[in-house]
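As stored in start.cif (mmCIF, C-alpha atoms):
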data_input
#
loop_
_atom_site.group_PDB
_atom_site.id
_atom_site.type_symbol
_atom_site.label_atom_id
_atom_site.label_comp_id
_atom_site.auth_asym_id
_atom_site.auth_seq_id
_atom_site.Cartn_x
_atom_site.Cartn_y
_atom_site.Cartn_z
ATOM 1 C CA MET A 1486 -8.450 16.664 0.880
ATOM 2 C CA HIS A 1487 -8.773 16.928 4.672
ATOM 3 C CA SER A 1488 -7.866 20.404 5.907
ATOM 4 C CA THR A 1489 -5.728 20.841 9.033
ATOM 5 C CA ASN A 1490 -6.084 24.637 9.127
ATOM 6 C CA THR A 1491 -7.914 24.635 12.453
ATOM 7 C CA GLN A 1492 -5.144 22.540 13.968
ATOM 8 C CA GLN A 1493 -2.491 24.758 12.413
ATOM 9 C CA ASN A 1494 -3.769 27.901 14.133
ATOM 10 C CA PHE A 1495 -1.976 29.142 17.214
ATOM 11 C CA THR A 1496 -3.945 30.831 20.007
ATOM 12 C CA ILE A 1497 -2.360 32.962 22.694
ATOM 13 C CA ALA A 1498 -4.000 35.471 25.064
ATOM 14 C CA GLY A 1499 -7.319 34.985 23.304
ATOM 15 C CA ARG A 1500 -5.974 35.844 19.840
ATOM 16 C CA THR A 1501 -5.578 33.307 17.046
ATOM 17 C CA PHE A 1502 -2.704 33.395 14.575
ATOM 18 C CA ASP A 1503 -2.032 31.456 11.379
ATOM 19 C CA SER A 1504 1.734 31.358 11.902
ATOM 20 C CA ARG A 1505 3.495 29.398 14.629
ATOM 21 C CA LEU A 1506 6.782 31.215 13.996
ATOM 22 C CA LEU A 1507 7.565 34.182 16.259
ATOM 23 C CA VAL A 1508 10.512 36.376 15.354
ATOM 24 C CA GLY A 1509 12.691 39.033 16.939
ATOM 25 C CA THR A 1510 13.924 42.316 15.533
ATOM 26 C CA GLY A 1511 17.545 42.553 16.692
ATOM 27 C CA LYS A 1512 20.888 42.115 14.900
ATOM 28 C CA TYR A 1513 19.743 43.088 11.388
ATOM 29 C CA LYS A 1514 21.895 45.509 9.399
ATOM 30 C CA ASP A 1515 19.089 48.080 9.135
ATOM 31 C CA LEU A 1516 15.342 48.548 9.530
ATOM 32 C CA GLU A 1517 14.666 47.719 5.885
ATOM 33 C CA GLU A 1518 16.298 44.298 6.190
ATOM 34 C CA THR A 1519 14.316 43.801 9.400
ATOM 35 C CA ARG A 1520 11.076 44.557 7.544
ATOM 36 C CA LEU A 1521 11.841 42.288 4.581
ATOM 37 C CA ALA A 1522 12.962 39.347 6.737
ATOM 38 C CA ILE A 1523 9.903 39.518 8.963
ATOM 39 C CA GLU A 1524 7.641 39.667 5.922
ATOM 40 C CA ALA A 1525 9.416 36.644 4.418
ATOM 41 C CA SER A 1526 9.054 34.695 7.682
ATOM 42 C CA GLY A 1527 5.277 34.951 7.617
ATOM 43 C CA ALA A 1528 5.385 35.662 11.366
ATOM 44 C CA GLN A 1529 2.485 37.568 12.879
ATOM 45 C CA ILE A 1530 3.932 37.971 16.386
ATOM 46 C CA VAL A 1531 7.090 40.077 16.525
ATOM 47 C CA THR A 1532 9.048 40.481 19.740
ATOM 48 C CA VAL A 1533 10.794 43.746 20.549
ATOM 49 C CA ALA A 1534 13.415 44.449 23.217
ATOM 50 C CA VAL A 1535 11.992 47.556 24.875
ATOM 51 C CA ARG A 1536 15.320 48.469 26.522
ATOM 52 C CA ARG A 1537 17.252 48.305 23.243
ATOM 53 C CA THR A 1538 14.741 49.351 20.608
ATOM 54 C CA ASN A 1539 12.859 52.590 20.104
ATOM 55 C CA ILE A 1540 9.099 52.027 19.966
ATOM 56 C CA GLY A 1541 8.231 55.608 20.785
ATOM 57 C CA GLN A 1542 10.134 56.324 23.985
ATOM 58 C CA HIS A 1543 12.783 58.336 22.064
ATOM 59 C CA ALA A 1544 10.987 60.895 19.912
ATOM 60 C CA ASN A 1545 13.967 61.918 17.748
ATOM 61 C CA GLU A 1546 15.191 58.410 16.808
ATOM 62 C CA PRO A 1547 14.000 55.988 14.105
ATOM 63 C CA ASN A 1548 10.962 54.111 15.416
ATOM 64 C CA LEU A 1549 10.782 50.367 14.776
ATOM 65 C CA LEU A 1550 6.999 50.597 14.679
ATOM 66 C CA ASP A 1551 7.303 52.612 11.454
ATOM 67 C CA VAL A 1552 8.375 49.422 9.667
ATOM 68 C CA ILE A 1553 6.745 46.817 11.949
ATOM 69 C CA SER A 1554 3.286 48.288 12.275
ATOM 70 C CA PRO A 1555 1.090 47.261 15.229
ATOM 71 C CA ASP A 1556 -1.788 47.329 12.717
ATOM 72 C CA LYS A 1557 -0.152 44.441 10.832
ATOM 73 C CA TYR A 1558 1.731 42.565 13.580
ATOM 74 C CA CYS A 1559 1.111 41.634 17.184
ATOM 75 C CA ILE A 1560 3.965 43.372 18.992
ATOM 76 C CA LEU A 1561 5.399 41.275 21.827
ATOM 77 C CA PRO A 1562 7.513 43.562 24.039
ATOM 78 C CA ASN A 1563 10.231 41.711 25.897
ATOM 79 C CA THR A 1564 12.481 42.461 28.842
ATOM 80 C CA ALA A 1565 15.806 41.501 27.247
ATOM 81 C CA GLY A 1566 18.674 43.230 29.022
ATOM 82 C CA CYS A 1567 17.027 42.968 32.446
ATOM 83 C CA TYR A 1568 18.900 41.174 35.228
ATOM 84 C CA ASP A 1569 16.431 41.442 38.101
ATOM 85 C CA ALA A 1570 12.700 41.342 38.712
ATOM 86 C CA GLU A 1571 12.385 45.043 39.489
ATOM 87 C CA ASP A 1572 13.854 46.121 36.131
ATOM 88 C CA ALA A 1573 11.756 43.593 34.240
ATOM 89 C CA VAL A 1574 8.497 44.705 35.849
ATOM 90 C CA ARG A 1575 9.346 48.369 35.191
ATOM 91 C CA THR A 1576 10.089 47.555 31.536
ATOM 92 C CA CYS A 1577 6.753 45.767 31.074
ATOM 93 C CA ARG A 1578 4.890 48.716 32.585
ATOM 94 C CA LEU A 1579 6.679 51.065 30.170
ATOM 95 C CA ALA A 1580 5.776 48.813 27.229
ATOM 96 C CA ARG A 1581 2.114 48.781 28.242
ATOM 97 C CA GLU A 1582 2.157 52.577 28.374
ATOM 98 C CA LEU A 1583 3.849 52.918 24.973
ATOM 99 C CA LEU A 1584 1.533 50.377 23.322
ATOM 100 C CA ASP A 1585 -1.760 51.802 24.616
ATOM 101 C CA GLY A 1586 -2.561 49.283 27.320
ATOM 102 C CA HIS A 1587 -1.152 46.215 25.540
ATOM 103 C CA ASN A 1588 -0.907 43.420 28.159
ATOM 104 C CA LEU A 1589 0.956 40.695 26.242
ATOM 105 C CA VAL A 1590 4.641 40.589 27.231
ATOM 106 C CA LYS A 1591 7.605 38.255 27.035
ATOM 107 C CA LEU A 1592 9.350 38.054 30.400
ATOM 108 C CA GLU A 1593 13.073 37.393 30.151
ATOM 109 C CA ILE A 1594 15.496 37.938 33.021
ATOM 110 C CA LEU A 1595 19.123 37.032 32.403
ATOM 111 C CA ALA A 1596 21.661 35.727 34.888
ATOM 112 C CA ASP A 1597 24.842 37.001 33.232
ATOM 113 C CA ASP A 1598 26.294 38.401 29.995
ATOM 114 C CA LYS A 1599 28.370 35.349 29.148
ATOM 115 C CA THR A 1600 25.641 32.690 28.937
ATOM 116 C CA LEU A 1601 22.454 34.817 28.802
ATOM 117 C CA PHE A 1602 20.970 31.941 30.802
ATOM 118 C CA PRO A 1603 17.710 32.809 32.556
ATOM 119 C CA ASN A 1604 17.753 33.747 36.232
ATOM 120 C CA VAL A 1605 14.790 31.612 37.257
ATOM 121 C CA VAL A 1606 14.628 32.979 40.821
ATOM 122 C CA GLU A 1607 14.139 36.549 39.584
ATOM 123 C CA THR A 1608 11.912 35.320 36.749
ATOM 124 C CA LEU A 1609 9.480 33.681 39.178
ATOM 125 C CA LYS A 1610 9.476 36.809 41.333
ATOM 126 C CA ALA A 1611 8.668 39.072 38.371
ATOM 127 C CA ALA A 1612 6.083 36.672 36.947
ATOM 128 C CA ARG A 1613 4.050 36.799 40.159
ATOM 129 C CA VAL A 1614 3.970 40.614 40.120
ATOM 130 C CA LEU A 1615 3.130 40.882 36.416
ATOM 131 C CA VAL A 1616 0.331 38.310 36.557
ATOM 132 C CA ASP A 1617 -1.136 40.161 39.574
ATOM 133 C CA GLU A 1618 -1.025 43.387 37.543
ATOM 134 C CA GLY A 1619 -3.011 41.837 34.694
ATOM 135 C CA PHE A 1620 -0.229 41.147 32.201
ATOM 136 C CA ASP A 1621 -0.410 38.148 29.872
ATOM 137 C CA VAL A 1622 3.042 36.714 30.514
ATOM 138 C CA MET A 1623 4.932 34.510 28.052
ATOM 139 C CA VAL A 1624 8.083 33.523 29.893
ATOM 140 C CA TYR A 1625 11.603 32.616 28.791
ATOM 141 C CA THR A 1626 12.981 29.959 31.105
ATOM 142 C CA SER A 1627 15.489 27.161 31.505
ATOM 143 C CA ASP A 1628 14.659 23.635 30.356
ATOM 144 C CA ASP A 1629 14.019 22.590 33.960
ATOM 145 C CA PRO A 1630 10.560 20.917 34.048
ATOM 146 C CA ILE A 1631 10.025 21.898 37.696
ATOM 147 C CA ILE A 1632 10.576 25.599 37.002
ATOM 148 C CA ALA A 1633 8.296 25.366 33.965
ATOM 149 C CA ARG A 1634 5.621 23.843 36.186
ATOM 150 C CA GLU A 1635 6.030 26.627 38.766
ATOM 151 C CA LEU A 1636 5.771 29.352 36.134
ATOM 152 C CA GLU A 1637 2.575 27.835 34.801
ATOM 153 C CA ALA A 1638 1.178 27.595 38.341
ATOM 154 C CA VAL A 1639 1.946 31.287 38.887
ATOM 155 C CA GLY A 1640 -0.269 32.104 35.905
ATOM 156 C CA CYS A 1641 2.038 32.516 32.903
ATOM 157 C CA ILE A 1642 0.105 31.900 29.680
ATOM 158 C CA ALA A 1643 3.027 30.226 27.875
ATOM 159 C CA VAL A 1644 6.358 28.747 28.940
ATOM 160 C CA MET A 1645 9.319 29.198 26.628
ATOM 161 C CA PRO A 1646 12.250 26.932 27.510
ATOM 162 C CA LEU A 1647 15.530 27.475 25.744
ATOM 163 C CA ALA A 1648 16.668 24.910 23.194
ATOM 164 C CA GLY A 1649 20.233 26.175 23.541
ATOM 165 C CA LEU A 1650 21.870 29.364 24.774
ATOM 166 C CA ILE A 1651 20.628 32.610 23.193
ATOM 167 C CA GLY A 1652 22.406 33.237 19.898
ATOM 168 C CA SER A 1653 24.335 29.955 20.059
ATOM 169 C CA GLY A 1654 22.645 28.222 17.120
ATOM 170 C CA LEU A 1655 23.266 24.872 18.838
ATOM 171 C CA GLY A 1656 19.747 23.548 18.341
ATOM 172 C CA ILE A 1657 17.896 21.496 20.945
ATOM 173 C CA CYS A 1658 20.606 20.541 23.437
ATOM 174 C CA ASN A 1659 18.387 18.622 25.854
ATOM 175 C CA PRO A 1660 15.395 17.057 24.059
ATOM 176 C CA TYR A 1661 14.636 14.857 27.084
ATOM 177 C CA ASN A 1662 13.899 17.748 29.446
ATOM 178 C CA LEU A 1663 11.897 19.452 26.718
ATOM 179 C CA ARG A 1664 9.849 16.287 26.265
ATOM 180 C CA ILE A 1665 8.980 16.243 29.989
ATOM 181 C CA ILE A 1666 7.908 19.901 29.865
ATOM 182 C CA LEU A 1667 5.728 19.161 26.832
ATOM 183 C CA GLU A 1668 4.111 16.174 28.560
ATOM 184 C CA GLU A 1669 3.272 18.104 31.729
ATOM 185 C CA ALA A 1670 2.312 21.572 30.499
ATOM 186 C CA THR A 1671 -1.294 22.620 29.982
ATOM 187 C CA VAL A 1672 -0.288 25.977 28.462
ATOM 188 C CA PRO A 1673 1.523 26.412 25.123
ATOM 189 C CA VAL A 1674 5.222 25.483 25.160
ATOM 190 C CA LEU A 1675 7.434 27.414 22.741
ATOM 191 C CA VAL A 1676 11.095 26.795 22.064
ATOM 192 C CA ASP A 1677 12.891 30.089 22.598
ATOM 193 C CA ALA A 1678 16.625 30.495 21.913
ATOM 194 C CA GLY A 1679 19.217 28.203 20.390
ATOM 195 C CA VAL A 1680 17.667 27.524 16.983
ATOM 196 C CA GLY A 1681 20.337 27.722 14.281
ATOM 197 C CA THR A 1682 18.802 26.398 11.105
ATOM 198 C CA ALA A 1683 15.568 25.119 9.612
ATOM 199 C CA SER A 1684 15.930 21.539 10.842
ATOM 200 C CA ASP A 1685 16.161 22.755 14.468
ATOM 201 C CA ALA A 1686 12.802 24.497 14.112
ATOM 202 C CA THR A 1687 11.259 21.456 12.454
ATOM 203 C CA ILE A 1688 12.446 19.127 15.230
ATOM 204 C CA ALA A 1689 10.977 21.421 17.897
ATOM 205 C CA MET A 1690 7.627 21.396 16.123
ATOM 206 C CA GLU A 1691 7.740 17.622 15.528
ATOM 207 C CA MET A 1692 8.188 17.162 19.283
ATOM 208 C CA GLY A 1693 4.905 18.969 19.855
ATOM 209 C CA CYS A 1694 5.957 22.533 20.629
ATOM 210 C CA ALA A 1695 3.165 25.022 20.015
ATOM 211 C CA ALA A 1696 5.501 27.451 18.263
ATOM 212 C CA VAL A 1697 9.119 28.539 17.894
ATOM 213 C CA LEU A 1698 10.626 31.950 18.625
ATOM 214 C CA MET A 1699 13.894 32.969 16.997
ATOM 215 C CA ASN A 1700 16.008 35.964 16.064
ATOM 216 C CA SER A 1701 19.722 35.221 15.566
ATOM 217 C CA ALA A 1702 19.108 32.210 13.301
ATOM 218 C CA ILE A 1703 17.532 34.534 10.752
ATOM 219 C CA ALA A 1704 19.342 37.826 11.372
ATOM 220 C CA LEU A 1705 22.843 36.298 11.402
ATOM 221 C CA ALA A 1706 22.350 34.030 8.376
ATOM 222 C CA GLN A 1707 24.379 34.919 5.303
ATOM 223 C CA GLN A 1708 21.088 35.676 3.541
ATOM 224 C CA PRO A 1709 18.595 36.608 6.278
ATOM 225 C CA ILE A 1710 15.572 37.035 4.030
ATOM 226 C CA LEU A 1711 16.083 33.625 2.436
ATOM 227 C CA MET A 1712 16.582 32.041 5.868
ATOM 228 C CA ALA A 1713 13.394 33.699 7.096
ATOM 229 C CA GLU A 1714 11.507 32.006 4.285
ATOM 230 C CA ALA A 1715 13.182 28.679 5.094
ATOM 231 C CA MET A 1716 12.096 28.991 8.739
ATOM 232 C CA ARG A 1717 8.541 29.715 7.654
ATOM 233 C CA HIS A 1718 8.422 26.403 5.768
ATOM 234 C CA ALA A 1719 10.310 24.536 8.516
ATOM 235 C CA VAL A 1720 7.762 25.387 11.189
ATOM 236 C CA ILE A 1721 4.849 24.460 8.914
ATOM 237 C CA ALA A 1722 6.491 21.148 7.964
ATOM 238 C CA GLY A 1723 7.270 20.282 11.575
ATOM 239 C CA ARG A 1724 3.727 21.014 12.696
ATOM 240 C CA GLN A 1725 2.228 18.930 9.890
ATOM 241 C CA ALA A 1726 4.575 16.019 10.639
ATOM 242 C CA TYR A 1727 3.596 16.188 14.326
ATOM 243 C CA LEU A 1728 -0.094 16.094 13.427
ATOM 244 C CA ALA A 1729 0.434 13.298 10.890
ATOM 245 C CA GLY A 1730 2.329 11.041 13.324
ATOM 246 C CA ARG A 1731 5.623 9.605 12.116
ATOM 247 C CA MET A 1732 6.155 5.965 11.243
ATOM 248 C CA PRO A 1733 7.845 3.811 13.916
ATOM 249 C CA LYS A 1734 11.603 3.377 13.734
ATOM 250 C CA ARG A 1735 12.756 -0.172 12.928
ATOM 251 C CA LEU A 1736 16.150 -1.801 13.112
ATOM 252 C CA TYR A 1737 15.677 -3.757 9.885
ATOM 253 C CA ALA A 1738 14.146 -3.119 6.491
ATOM 254 C CA SER A 1739 10.432 -3.235 5.843
ATOM 255 C CA ALA A 1740 9.576 -3.333 2.148
ATOM 256 C CA SER A 1741 7.340 -0.567 0.833
ATOM 257 C CA SER A 1742 5.699 -3.096 -1.493
ATOM 258 C CA PRO A 1743 4.174 -6.381 -0.233
ATOM 259 C CA LEU A 1744 6.505 -9.385 -0.431
ATOM 260 C CA THR A 1745 3.713 -11.955 -0.766
ATOM 261 C CA ASP A 1746 2.179 -13.173 -4.032
ATOM 262 C CA LEU A 1747 5.223 -12.235 -6.094
ATOM 263 C CA ILE A 1748 5.215 -13.397 -9.702
#

Would it be possible to restate this file's structure as structure tokens?
Amino acid sequence: MHSTNTQQNFTIAGRTFDSRLLVGTGKYKDLEETRLAIEASGAQIVTVAVRRTNIGQHANEPNLLDVISPDKYCILPNTAGCYDAEDAVRTCRLARELLDGHNLVKLEILADDKTLFPNVVETLKAARVLVDEGFDVMVYTSDDPIIARELEAVGCIAVMPLAGLIGSGLGICNPYNLRIILEEATVPVLVDAGVGTASDATIAMEMGCAAVLMNSAIALAQQPILMAEAMRHAVIAGRQAYLAGRMPKRLYASASSPLTDLI
């Protein structure tokens, strides 16, 4: 049997991972559920909101890193809750200090509380500063192909367009823009935000996304640990289907068995 393991691997910032599913740590009922869901997901990259989660900056509070160990997972600090470039850059510098010089960050600057849509003007501004300071920047952005192109040109190592609004569970709302981004990008493209169920993740991977990042779809499911396992399989299935190449769509039937030489 031909192995596709080498094609299944995901490389970012010089590190190679077996899983193409990245997960967040928010919205779970407690740290134990967080731990079990992340284990069930098979994810190796775990994103953490530095402004909302204790990873060592508050000595007397429960530390997320006690259950999500940096020895086991690649911690991806993010700037969720930041609304301007200055706050985002400050947050990334704090994360690097807390994580012993760790340069990989997820840049995310929001425009408002209602939509949590990215502020692309501030995002571009922060990206330039962070890249200049030696950060490896994975960047949450809109599904505008021109902005994605600009962020790549600035030096971001991955662009992460939303599929739908954060926490909406609407799935991929604009597959056409996403397709253009995928065609043009020379860095990994990850769907970030909007995934609601396993089929959404599979579709993103079938389109050619390098990976999928999600949080709410797992944490807000009725059974988060079971959904985490479903997402693990969904991403694998989508990647394999993308590599395999789907059959063409046809308007009319095409028999699975030959119609000639019938008895």

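Evaluated on this file, the PyMOL selection byres ((chain A and resi 1566) around 8) matches Ala1534, Arg1536, Arg1537, Thr1564, Ala1565, Cys1567, Tyr1568, Ile1594 and Leu1595 of chain A.
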
Residue subset to file, keeping C-alpha atoms, as a PDB file, keeping the file's coordinate frame:
ATOM      1  CA  ALA A1534      13.415  44.449  23.217  1.00  0.00           C
ATOM      2  CA  ARG A1536      15.320  48.469  26.522  1.00  0.00           C
ATOM      3  CA  ARG A1537      17.252  48.305  23.243  1.00  0.00           C
ATOM      4  CA  THR A1564      12.481  42.461  28.842  1.00  0.00           C
ATOM      5  CA  ALA A1565      15.806  41.501  27.247  1.00  0.00           C
ATOM      6  CA  CYS A1567      17.027  42.968  32.446  1.00  0.00           C
ATOM      7  CA  TYR A1568      18.900  41.174  35.228  1.00  0.00           C
ATOM      8  CA  ILE A1594      15.496  37.938  33.021  1.00  0.00           C
ATOM      9  CA  LEU A1595      19.123  37.032  32.403  1.00  0.00           C
TER      10      LEU A1595
END

key: Interatomic distance (Å, one decimal) between CA of Thr1687 in chain A and CA of Ala1719 in chain A   =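 Result for CA of Thr1687 in chain A versus CA of Ala1719 in chain A: 5.1 Å, one decimal.
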
request  = Skip range 1587-1593 of chain A itself and residues of its chain fewer than 5 positions away, then list as an MDAnalysis selection string all residues within 6 Å of it, counting all atoms listed in the file.
outcome  = chainID A and resid 1561:1565 1581 1620:1625

request  = Compare A:Glu1637, A:Asp1515, A:Asp1677, A:Glu1524 by their minimum atom-to-atom distance to Leu1549 in chain A, counting all atoms listed in the file, and give me the closest one.
outcome  =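 Of A:Glu1637, A:Asp1515, A:Asp1677, A:Glu1524, the one nearest Leu1549 in chain A, counting all atoms listed in the file, is A:Asp1515.
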
Exercise: residues within 6 Å of coordinate (4.1, 43.7, 33.7), counting all atoms listed in the file, as an NGL selection string = :A and (1574 or 1577-1578 or 1615 or 1620)

inquiry  = As an exercise, work out the distance from CA of Asp1629 in chain A to CA of Leu1663 in chain A in Å and give it to one decimal place.
reply    =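 CA of Leu1663 in chain A lies 8.2 Å from CA of Asp1629 in chain A.
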